[in-house]
file run.pdb (PDB, C-alpha atoms)
ATOM      1  CA  MET M  28      80.805  89.678 108.777
ATOM      2  CA  THR M  29      78.559  92.643 109.392
ATOM      3  CA  ASP M  30      78.151  95.838 107.449
ATOM      4  CA  THR M  31      80.383  97.711 109.875
ATOM      5  CA  ASP M  32      83.295  95.580 108.709
ATOM      6  CA  ASP M  33      82.918  96.944 105.221
ATOM      7  CA  LEU M  34      85.340  99.643 104.137
ATOM      8  CA  ALA M  35      83.793 102.690 102.552
ATOM      9  CA  CYS M  36      85.049 103.424  99.039
ATOM     10  CA  ILE M  37      86.439 106.765 100.224
ATOM     11  CA  GLU M  38      88.667 104.855 102.660
ATOM     12  CA  LEU M  39      89.596 102.066 100.284
ATOM     13  CA  VAL M  40      91.009 104.368  97.606
ATOM     14  CA  GLU M  41      93.519 105.706 100.124
ATOM     15  CA  LEU M  42      94.715 102.184 100.965
ATOM     16  CA  VAL M  43      95.485 101.089  97.418
ATOM     17  CA  THR M  44      99.237 101.705  97.596
ATOM     18  CA  ASP M  45      99.575  99.916 100.941
ATOM     19  CA  TYR M  46      97.581  97.048  99.433
ATOM     20  CA  LEU M  47      99.836  96.824  96.371
ATOM     21  CA  GLU M  48     102.923  97.069  98.616
ATOM     22  CA  ASP M  49     101.569  94.273 100.790
ATOM     23  CA  ALA M  50     101.733  96.558 103.814
ATOM     24  CA  LEU M  51      98.174  96.308 105.138
ATOM     25  CA  GLU M  52      97.407  94.719 108.484
ATOM     26  CA  PRO M  53      95.870  91.292 107.839
ATOM     27  CA  ASP M  54      92.403  92.324 109.052
ATOM     28  CA  VAL M  55      92.405  95.471 106.910
ATOM     29  CA  ARG M  56      93.615  93.472 103.949
ATOM     30  CA  ALA M  57      90.746  91.031 104.452
ATOM     31  CA  ARG M  58      88.215  93.885 104.516
ATOM     32  CA  PHE M  59      89.841  95.389 101.429
ATOM     33  CA  GLU M  60      89.590  92.140  99.517
ATOM     34  CA  GLN M  61      86.064  91.539 100.728
ATOM     35  CA  HIS M  62      84.959  94.935  99.432
ATOM     36  CA  LEU M  63      86.346  94.637  95.910
ATOM     37  CA  PRO M  64      84.187  91.964  94.256
ATOM     38  CA  SER M  65      80.992  93.783  95.136
ATOM     39  CA  CYS M  66      82.210  97.229  94.076
ATOM     40  CA  PRO M  67      82.913  97.844  90.373
ATOM     41  CA  GLY M  68      84.034 101.432  91.115
ATOM     42  CA  CYS M  69      86.794 100.340  93.489
ATOM     43  CA  GLU M  70      87.807  97.461  91.217
ATOM     44  CA  GLU M  71      88.127  99.912  88.346
ATOM     45  CA  HIS M  72      90.165 102.292  90.504
ATOM     46  CA  LEU M  73      92.577  99.561  91.576
ATOM     47  CA  GLU M  74      92.969  98.526  87.957
ATOM     48  CA  GLN M  75      93.656 102.151  86.953
ATOM     49  CA  VAL M  76      96.381 102.483  89.575
ATOM     50  CA  ARG M  77      97.957  99.282  88.241
ATOM     51  CA  ARG M  78      97.785 100.664  84.706
ATOM     52  CA  THR M  79      99.338 103.933  85.896
ATOM     53  CA  ILE M  80     102.308 102.035  87.344
ATOM     54  CA  GLN M  81     102.575 100.060  84.120
ATOM     55  CA  VAL M  82     102.709 103.123  81.862
ATOM     56  CA  LEU M  83     105.214 104.828  84.172
ATOM     57  CA  GLY M  84     107.457 101.779  83.821
ATOM     58  CA  ALA M  85     107.107 101.988  80.050
ATOM     59  CA  LEU M  86     108.196 105.624  79.788
ATOM     60  CA  PRO M  87     110.960 105.806  77.208
ATOM     61  CA  GLN M  88     114.408 105.598  78.719
ATOM     62  CA  ASP M  89     116.149 107.802  76.207
ATOM     63  CA  GLU M  90     118.307 110.050  78.370
ATOM     64  CA  ARG M  91     122.012 109.672  77.771
ATOM     65  CA  LEU M  92     125.193 111.572  78.436
ATOM     66  CA  SER M  93     126.650 113.549  75.579
ATOM     67  CA  PRO M  94     129.668 111.828  73.946
ATOM     68  CA  GLN M  95     131.829 114.735  75.154
ATOM     69  CA  THR M  96     130.892 114.225  78.798
ATOM     70  CA  ARG M  97     131.341 110.478  78.509
ATOM     71  CA  ALA M  98     134.803 110.941  76.953
ATOM     72  CA  ARG M  99     135.748 113.441  79.666
ATOM     73  CA  LEU M 100     134.771 110.921  82.350
ATOM     74  CA  LEU M 101     136.843 108.150  80.789
ATOM     75  CA  ASP M 102     139.805 110.554  80.655
ATOM     76  CA  ALA M 103     139.258 111.358  84.309
ATOM     77  CA  PHE M 104     139.255 107.653  85.100
ATOM     78  CA  ARG M 105     142.609 107.141  83.361
ATOM     79  CA  GLU M 106     143.988 110.141  85.195
ATOM     80  CA  TRP M 107     142.695 108.744  88.502
ATOM     81  CA  ARG M 108     144.233 105.350  87.760
ATOM     82  CA  ALA M 109     147.578 106.892  86.855
ATOM     83  CA  HIS M 110     147.726 109.057  89.980
ATOM     84  CA  PRO M 111     146.366 107.218  93.006
ATOM     85  CA  GLN M 112     144.995 109.468  95.741
ATOM     86  CA  PRO M 113     147.347 109.959  98.661
ATOM     87  CA  GLU M 114     145.979 108.592 101.914
ATOM     88  CA  ALA M 115     143.896 111.283 103.575
TER      89      ALA M 115
ATOM     90  CA  MET N  11     105.829  92.057 109.642
ATOM     91  CA  GLY N  12     107.716  93.600 112.546
ATOM     92  CA  ASP N  13     107.996  97.089 111.111
ATOM     93  CA  ASP N  14     104.387  97.416 110.154
ATOM     94  CA  SER N  15     102.939  96.440 113.504
ATOM     95  CA  ARG N  16     104.465  99.517 115.118
ATOM     96  CA  PRO N  17     102.644 102.832 115.200
ATOM     97  CA  ALA N  18     103.731 104.980 112.280
ATOM     98  CA  PRO N  19     106.809 106.969 113.311
ATOM     99  CA  THR N  20     106.782 110.700 112.863
ATOM    100  CA  VAL N  21     108.716 112.292 110.085
ATOM    101  CA  ASP N  22     111.085 113.814 112.626
ATOM    102  CA  GLU N  23     112.240 110.380 113.624
ATOM    103  CA  GLU N  24     113.026 109.443 110.065
ATOM    104  CA  ARG N  25     116.567 110.443 109.476
ATOM    105  CA  ALA N  26     118.032 109.236 112.726
ATOM    106  CA  ALA N  27     116.269 105.901 112.392
ATOM    107  CA  VAL N  28     117.491 105.335 108.872
ATOM    108  CA  ASP N  29     121.041 106.467 109.517
ATOM    109  CA  THR N  30     121.536 104.192 112.472
ATOM    110  CA  ALA N  31     119.744 101.185 111.016
ATOM    111  CA  PRO N  32     122.076  98.284 110.383
ATOM    112  CA  THR N  33     122.734  98.105 106.669
ATOM    113  CA  ASP N  34     123.088  94.622 105.348
ATOM    114  CA  ALA N  35     122.734  95.953 101.822
ATOM    115  CA  ALA N  36     126.397  95.811 100.968
ATOM    116  CA  ASP N  37     126.613  92.084 101.649
ATOM    117  CA  ALA N  38     124.176  91.499  98.855
ATOM    118  CA  ASP N  39     125.406  94.269  96.571
ATOM    119  CA  PRO N  40     124.840  93.027  93.021
ATOM    120  CA  ASP N  41     127.634  95.347  91.914
ATOM    121  CA  ALA N  42     130.258  94.112  94.363
ATOM    122  CA  ARG N  43     132.353  92.572  91.610
ATOM    123  CA  LEU N  44     132.250  95.738  89.543
ATOM    124  CA  LEU N  45     133.433  97.640  92.580
ATOM    125  CA  VAL N  46     136.450  95.352  92.934
ATOM    126  CA  ARG N  47     137.307  95.787  89.255
ATOM    127  CA  LEU N  48     136.794  99.535  89.522
ATOM    128  CA  ARG N  49     139.223  99.807  92.412
ATOM    129  CA  ALA N  50     141.709  97.740  90.482
ATOM    130  CA  GLY N  51     141.634 100.381  87.752
ATOM    131  CA  ASP N  52     139.606  98.381  85.204
ATOM    132  CA  GLU N  53     138.372 100.944  82.684
ATOM    133  CA  ALA N  54     135.771  98.579  81.217
ATOM    134  CA  ALA N  55     134.127  98.345  84.641
ATOM    135  CA  PHE N  56     133.977 102.141  84.876
ATOM    136  CA  SER N  57     132.544 102.626  81.406
ATOM    137  CA  GLU N  58     129.986  99.884  82.056
ATOM    138  CA  LEU N  59     128.774 101.695  85.178
ATOM    139  CA  VAL N  60     128.755 105.081  83.470
ATOM    140  CA  ASP N  61     126.705 103.667  80.592
ATOM    141  CA  ARG N  62     124.307 101.774  82.841
ATOM    142  CA  TRP N  63     123.653 104.431  85.490
ATOM    143  CA  SER N  64     124.042 107.778  83.760
ATOM    144  CA  ALA N  65     120.552 107.637  82.196
ATOM    145  CA  PRO N  66     118.733 107.039  85.505
ATOM    146  CA  MET N  67     121.107 109.561  87.133
ATOM    147  CA  LEU N  68     120.112 112.162  84.555
ATOM    148  CA  ARG N  69     116.434 111.521  85.206
ATOM    149  CA  VAL N  70     116.910 111.867  88.954
ATOM    150  CA  ALA N  71     119.080 114.963  88.488
ATOM    151  CA  LEU N  72     116.393 116.581  86.339
ATOM    152  CA  ILE N  73     114.036 116.477  89.319
ATOM    153  CA  HIS N  74     116.285 118.949  91.115
ATOM    154  CA  THR N  75     118.086 120.984  88.526
ATOM    155  CA  GLY N  76     115.404 122.043  86.112
ATOM    156  CA  THR N  77     117.550 122.149  82.997
ATOM    157  CA  ARG N  78     119.090 119.335  81.015
ATOM    158  CA  ALA N  79     122.481 121.063  80.883
ATOM    159  CA  VAL N  80     122.749 121.434  84.670
ATOM    160  CA  ALA N  81     121.565 117.836  85.128
ATOM    161  CA  GLU N  82     124.346 116.598  82.866
ATOM    162  CA  GLU N  83     126.851 118.700  84.777
ATOM    163  CA  ALA N  84     125.588 117.211  88.048
ATOM    164  CA  VAL N  85     126.001 113.673  86.705
ATOM    165  CA  GLN N  86     129.513 114.453  85.500
ATOM    166  CA  ASP N  87     130.487 116.025  88.844
ATOM    167  CA  THR N  88     129.051 113.003  90.630
ATOM    168  CA  TRP N  89     131.210 110.550  88.695
ATOM    169  CA  LEU N  90     134.268 112.699  89.395
ATOM    170  CA  ALA N  91     133.392 112.702  93.102
ATOM    171  CA  VAL N  92     132.905 108.927  92.964
ATOM    172  CA  LEU N  93     136.447 108.521  91.636
ATOM    173  CA  GLN N  94     137.819 110.776  94.357
ATOM    174  CA  GLY N  95     135.928 108.990  97.096
ATOM    175  CA  LEU N  96     136.288 105.429  95.873
ATOM    176  CA  ASP N  97     139.204 104.601  98.156
ATOM    177  CA  ARG N  98     137.240 105.803 101.159
ATOM    178  CA  PHE N  99     133.970 104.033 100.270
ATOM    179  CA  GLU N 100     133.406 101.529 103.059
ATOM    180  CA  GLY N 101     130.614  99.528 101.512
ATOM    181  CA  ARG N 102     128.075 100.317 104.223
ATOM    182  CA  SER N 103     125.543 100.869 101.482
ATOM    183  CA  THR N 104     125.433  99.376  98.024
ATOM    184  CA  LEU N 105     127.594 101.022  95.395
ATOM    185  CA  ARG N 106     124.475 102.251  93.598
ATOM    186  CA  THR N 107     122.962 103.831  96.702
ATOM    187  CA  TRP N 108     126.273 105.535  97.445
ATOM    188  CA  VAL N 109     126.627 106.920  93.907
ATOM    189  CA  PHE N 110     123.048 108.208  93.888
ATOM    190  CA  ARG N 111     123.490 109.783  97.305
ATOM    191  CA  ILE N 112     126.464 111.740  95.974
ATOM    192  CA  LEU N 113     124.277 112.722  93.028
ATOM    193  CA  LEU N 114     121.555 114.061  95.339
ATOM    194  CA  TYR N 115     124.064 116.157  97.303
ATOM    195  CA  THR N 116     125.567 117.470  94.088
ATOM    196  CA  CYS N 117     122.152 118.396  92.704
ATOM    197  CA  ARG N 118     121.103 120.101  95.908
ATOM    198  CA  GLY N 119     124.208 122.262  95.889
ATOM    199  CA  LYS N 120     123.594 123.294  92.286
ATOM    200  CA  ALA N 121     119.884 123.956  92.829
ATOM    201  CA  GLU N 122     120.542 126.131  95.849
ATOM    202  CA  ARG N 123     123.152 128.144  94.019
ATOM    203  CA  GLU N 124     120.893 128.590  90.991
ATOM    204  CA  ARG N 125     117.663 129.470  92.687
ATOM    205  CA  ARG N 126     119.219 131.230  95.654
ATOM    206  CA  VAL N 127     116.491 129.872  97.882
ATOM    207  CA  PRO N 128     117.056 128.925 101.490
ATOM    208  CA  PRO N 129     117.544 125.169 101.745
ATOM    209  CA  ILE N 130     114.674 123.084 103.078
ATOM    210  CA  SER N 131     115.568 119.899 104.890
ATOM    211  CA  ASP N 132     114.374 116.573 103.483
ATOM    212  CA  VAL N 133     112.434 115.976 106.672
ATOM    213  CA  GLN N 134     110.551 119.273 106.328
ATOM    214  CA  ARG N 135     109.946 118.539 102.686
ATOM    215  CA  SER N 136     108.565 115.066 103.383
ATOM    216  CA  ALA N 137     106.287 116.403 106.080
ATOM    217  CA  GLY N 138     104.893 119.070 103.790
ATOM    218  CA  GLU N 139     104.216 116.610 101.007
ATOM    219  CA  MET N 140     102.566 113.920 103.070
ATOM    220  CA  THR N 141      99.507 115.868 104.091
ATOM    221  CA  GLY N 142      96.687 117.208 102.024
ATOM    222  CA  ARG N 143      95.433 115.885  98.727
ATOM    223  CA  ARG N 144      93.316 112.794  98.567
ATOM    224  CA  ALA N 145      93.062 110.420  95.638
ATOM    225  CA  PHE N 146      89.680 111.891  94.629
ATOM    226  CA  ALA N 147      87.683 115.022  95.363
ATOM    227  CA  GLU N 148      85.251 114.384  98.193
ATOM    228  CA  ASP N 149      82.237 115.015  95.989
ATOM    229  CA  ARG N 150      82.989 111.799  94.121
ATOM    230  CA  PHE N 151      81.588 110.014  97.208
ATOM    231  CA  LEU N 152      78.295 110.042  99.091
ATOM    232  CA  PRO N 153      78.373 112.048 102.343
ATOM    233  CA  SER N 154      79.332 110.351 105.595
ATOM    234  CA  ASP N 155      75.772 110.797 106.917
ATOM    235  CA  HIS N 156      74.207 109.007 103.954
ATOM    236  CA  PRO N 157      71.571 106.588 105.357
ATOM    237  CA  HIS N 158      72.652 103.551 103.332
ATOM    238  CA  TRP N 159      75.993 104.054 101.640
ATOM    239  CA  PRO N 160      78.106 106.590 103.549
ATOM    240  CA  GLY N 161      81.451 107.181 101.852
ATOM    241  CA  HIS N 162      80.629 105.043  98.830
ATOM    242  CA  TRP N 163      80.941 106.219  95.253
ATOM    243  CA  SER N 164      78.515 108.804  93.960
ATOM    244  CA  GLN N 165      80.548 109.158  90.744
ATOM    245  CA  PRO N 166      82.624 106.002  90.334
ATOM    246  CA  PRO N 167      85.596 106.112  87.950
ATOM    247  CA  ARG N 168      84.650 105.313  84.369
ATOM    248  CA  SER N 169      86.418 102.526  82.514
ATOM    249  CA  TRP N 170      89.698 103.142  80.783
ATOM    250  CA  MET N 171      90.466 102.022  77.276
ATOM    251  CA  ARG N 172      92.045  98.603  77.089
ATOM    252  CA  THR N 173      94.892  99.308  74.744
ATOM    253  CA  PRO N 174      98.207  97.567  74.381
ATOM    254  CA  ASP N 175     101.161  99.340  75.931
ATOM    255  CA  ASP N 176     102.589 100.834  72.742
ATOM    256  CA  ALA N 177      99.304 102.418  71.804
ATOM    257  CA  LEU N 178      98.955 103.593  75.349
ATOM    258  CA  LEU N 179     102.248 105.334  75.109
ATOM    259  CA  GLY N 180     101.420 107.272  71.985
ATOM    260  CA  SER N 181     103.286 110.538  71.931
ATOM    261  CA  GLU N 182     100.408 112.691  73.171
ATOM    262  CA  LEU N 183      99.733 110.526  76.192
ATOM    263  CA  ARG N 184     103.433 110.159  76.898
ATOM    264  CA  GLN N 185     103.785 113.918  76.965
ATOM    265  CA  HIS N 186     100.922 114.317  79.422
ATOM    266  CA  LEU N 187     102.396 111.587  81.583
ATOM    267  CA  SER N 188     105.811 113.281  81.647
ATOM    268  CA  GLN N 189     104.221 116.629  82.451
ATOM    269  CA  ALA N 190     102.199 115.125  85.290
ATOM    270  CA  VAL N 191     105.349 113.594  86.769
ATOM    271  CA  ALA N 192     107.316 116.821  86.333
ATOM    272  CA  ALA N 193     104.612 118.780  88.170
ATOM    273  CA  LEU N 194     104.764 116.596  91.294
ATOM    274  CA  PRO N 195     106.274 118.022  94.484
ATOM    275  CA  GLU N 196     109.970 117.174  94.685
ATOM    276  CA  ARG N 197     109.909 114.454  97.313
ATOM    277  CA  GLN N 198     106.926 112.649  95.768
ATOM    278  CA  ARG N 199     108.588 112.857  92.394
ATOM    279  CA  GLN N 200     111.822 111.332  93.703
ATOM    280  CA  VAL N 201     109.955 108.378  95.142
ATOM    281  CA  LEU N 202     107.724 107.868  92.108
ATOM    282  CA  VAL N 203     110.588 108.095  89.596
ATOM    283  CA  LEU N 204     112.797 105.692  91.516
ATOM    284  CA  ARG N 205     110.040 103.184  92.265
ATOM    285  CA  ASP N 206     107.804 103.208  89.198
ATOM    286  CA  VAL N 207     109.997 104.560  86.392
ATOM    287  CA  GLU N 208     113.365 103.098  87.437
ATOM    288  CA  GLY N 209     111.982 100.022  89.173
ATOM    289  CA  TRP N 210     113.960 100.300  92.441
ATOM    290  CA  THR N 211     112.785  98.384  95.508
ATOM    291  CA  SER N 212     111.200 100.249  98.398
ATOM    292  CA  GLU N 213     114.142  99.249 100.640
ATOM    293  CA  GLU N 214     116.674 100.848  98.328
ATOM    294  CA  VAL N 215     114.594 104.013  97.913
ATOM    295  CA  CYS N 216     114.168 104.335 101.696
ATOM    296  CA  ARG N 217     117.883 103.951 102.181
ATOM    297  CA  LEU N 218     118.802 106.485  99.503
ATOM    298  CA  LEU N 219     116.319 109.142 100.568
ATOM    299  CA  GLY N 220     116.471 108.495 104.307
ATOM    300  CA  VAL N 221     112.721 107.893 104.697
ATOM    301  CA  LEU N 222     110.960 105.217 106.673
ATOM    302  CA  PRO N 223     108.931 102.647 104.715
ATOM    303  CA  GLY N 224     105.557 103.972 105.876
ATOM    304  CA  ASN N 225     106.418 107.530 104.877
ATOM    305  CA  GLN N 226     107.743 106.355 101.543
ATOM    306  CA  ARG N 227     104.394 104.653 100.852
ATOM    307  CA  VAL N 228     102.494 107.848 101.675
ATOM    308  CA  LEU N 229     104.643 109.839  99.236
ATOM    309  CA  LEU N 230     104.265 107.140  96.585
ATOM    310  CA  HIS N 231     100.521 106.990  97.129
ATOM    311  CA  ARG N 232     100.075 110.743  96.731
ATOM    312  CA  ALA N 233     102.242 110.751  93.615
ATOM    313  CA  ARG N 234     100.472 107.798  91.967
ATOM    314  CA  SER N 235      97.065 109.258  92.807
ATOM    315  CA  THR N 236      97.988 112.540  91.112
ATOM    316  CA  VAL N 237      99.395 110.839  88.033
ATOM    317  CA  ARG N 238      96.378 108.530  87.737
ATOM    318  CA  ALA N 239      94.073 111.549  87.881
ATOM    319  CA  ALA N 240      96.137 113.257  85.176
ATOM    320  CA  LEU N 241      95.789 110.240  82.868
ATOM    321  CA  GLU N 242      92.046 109.974  83.431
ATOM    322  CA  PRO N 243      90.882 112.400  80.713
ATOM    323  CA  TYR N 244      93.046 110.681  78.091
ATOM    324  CA  LEU N 245      92.152 107.093  78.856
ATOM    325  CA  THR N 246      88.506 107.237  79.851
ATOM    326  CA  VAL N 247      86.206 105.500  77.398
ATOM    327  CA  GLU N 248      83.737 107.936  75.853
ATOM    328  CA  ARG N 249      80.125 107.184  76.640
ATOM    329  CA  PRO N 250      78.240 106.117  73.490
TER     330      PRO N 250
END

call {"tool": "encode", "arguments": {"input": "run.pdb", "output": "structure tokens"}}
result
Amino acid sequence: MTDTDDLACIELVELVTDYLEDALEPDVRARFEQHLPSCPGCEEHLEQVRRTIQVLGALPQDERLSPQTRARLLDAFREWRAHPQPEA
Amino acid sequence: MGDDSRPAPTVDEERAAVDTAPTDAADADPDARLLVRLRAGDEAAFSELVDRWSAPMLRVALIHTGTRAVAEEAVQDTWLAVLQGLDRFEGRSTLRTWVFRILLYTCRGKAERERRVPPISDVQRSAGEMTGRRAFAEDRFLPSDHPHWPGHWSQPPRSWMRTPDDALLGSELRQHLSQAVAALPERQRQVLVLRDVEGWTSEEVCRLLGVLPGNQRVLLHRARSTVRAALEPYLTVERP
């Protein structure tokens, strides 16, 4: 490998998502993986993107329908079941 | 492999390509049994779906509607439309993709009525959101004519704190994270919320939003880059 095969950091940071999605061409992936061990800045960036995904996945999932809406929907279901739609 | 060896298609080709692509999703629909029970009038199946999907539906609706009350209305209207359309649902997509597609149409209608803005097509929106911002400002790197290290870091990212997840999601940080997500452009936010918050696969997101895989990755990349940058000030280790 020669120096020209090396990715510049400015290019690598734009390939991180494709790397994590396993969507890089094999030769680009090889250059990506060759760059990382010698570049603490890019390693740190990749790690930070992974952490970002992790904290997004840990966002609290506390949205819920109000009991009134939920009850209205169950009523609508019973209504629907009792009166099947005529064929369109 | 096959898809990625082709040149990246333009955004204009997106919708047609996705709409005519063969959908094998329904064969492997994890909710196929629930669908059968639903059609048979099984109320437990309906309440299970409402309880399981309404929270993610509310989060997706909030992307488009702005207020919690309108989002809840959109979710309610969606379930009512699902009941009305259930007999005509042909299973060409999974049940979940179909329900969320109805949700997106419902939200769009409400948003357009509320804001009274001319509608922008998804394709135009994607195109607008795929250009521009890079992960870092250019001055974080050495210039391209640098004799030894063109395009390499001049100011590399500083380490982040290594904290366990709960500490990481302390209320202050959580608030900044939510604000950063809320400030994303609409299309990027849809992709990021579905992929990274809700944990959907890229295939399902592409199918729901009508984007090609490569374009979906660009939107996801822009969104993640913005959110990472927003977290940076809160997680960077102070220099001693």

call {"tool": "interface_residues", "arguments": {"input": "run.pdb", "of": "chain M", "to": "chain N", "cutoff": "6 Å", "atoms": "only C-alpha atoms", "output": "PyMOL selection string"}}
result
chain M and resi 35-37+44+68+79-80+83-84+90-91+108

call {"tool": "write_last_selection", "arguments": {"input": "run.pdb", "atoms": "C-alpha atoms", "output": "PDB file, keeping the file's coordinate frame"}}
result
ATOM      1  CA  ALA M  35      83.793 102.690 102.552  1.00  0.00           C
ATOM      2  CA  CYS M  36      85.049 103.424  99.039  1.00  0.00           C
ATOM      3  CA  ILE M  37      86.439 106.765 100.224  1.00  0.00           C
ATOM      4  CA  THR M  44      99.237 101.705  97.596  1.00  0.00           C
ATOM      5  CA  GLY M  68      84.034 101.432  91.115  1.00  0.00           C
ATOM      6  CA  THR M  79      99.338 103.933  85.896  1.00  0.00           C
ATOM      7  CA  ILE M  80     102.308 102.035  87.344  1.00  0.00           C
ATOM      8  CA  LEU M  83     105.214 104.828  84.172  1.00  0.00           C
ATOM      9  CA  GLY M  84     107.457 101.779  83.821  1.00  0.00           C
ATOM     10  CA  GLU M  90     118.307 110.050  78.370  1.00  0.00           C
ATOM     11  CA  ARG M  91     122.012 109.672  77.771  1.00  0.00           C
ATOM     12  CA  ARG M 108     144.233 105.350  87.760  1.00  0.00           C
TER      13      ARG M 108
END

call {"tool": "axis_aligned_box", "arguments": {"input": "run.pdb", "around": "range 139-148 of chain N", "padding_each_side": "5 Å", "output": "lines of an AutoDock Vina configuration file"}}
result
center_x = 94.7
center_y = 113.8
center_z = 99.4
size_x = 29.0
size_y = 16.8
size_z = 19.5

call {"tool": "residues_around", "arguments": {"input": "run.pdb", "residues": "Leu218 in chain N", "least_positions_apart": "3", "cutoff": "10 Å", "atoms": "only C-alpha atoms", "output": "PyMOL selection string"}}
result
chain N and resi 28+103-104+106-112+114+212-215+221

call {"tool": "atom_distance", "arguments": {"input": "run.pdb", "atom1": "CA of Arg197 in chain N", "atom2": "CA of Thr141 in chain N"}}
result
12.5 Å

call {"tool": "resolve_selection", "arguments": {"input": "run.pdb", "expression": "the PyMOL selection byres ((chain M and resi 59) around 12)", "output": "PyMOL selection string"}}
result
chain M and resi 32-47+49+51-58+60-66+69-70+73
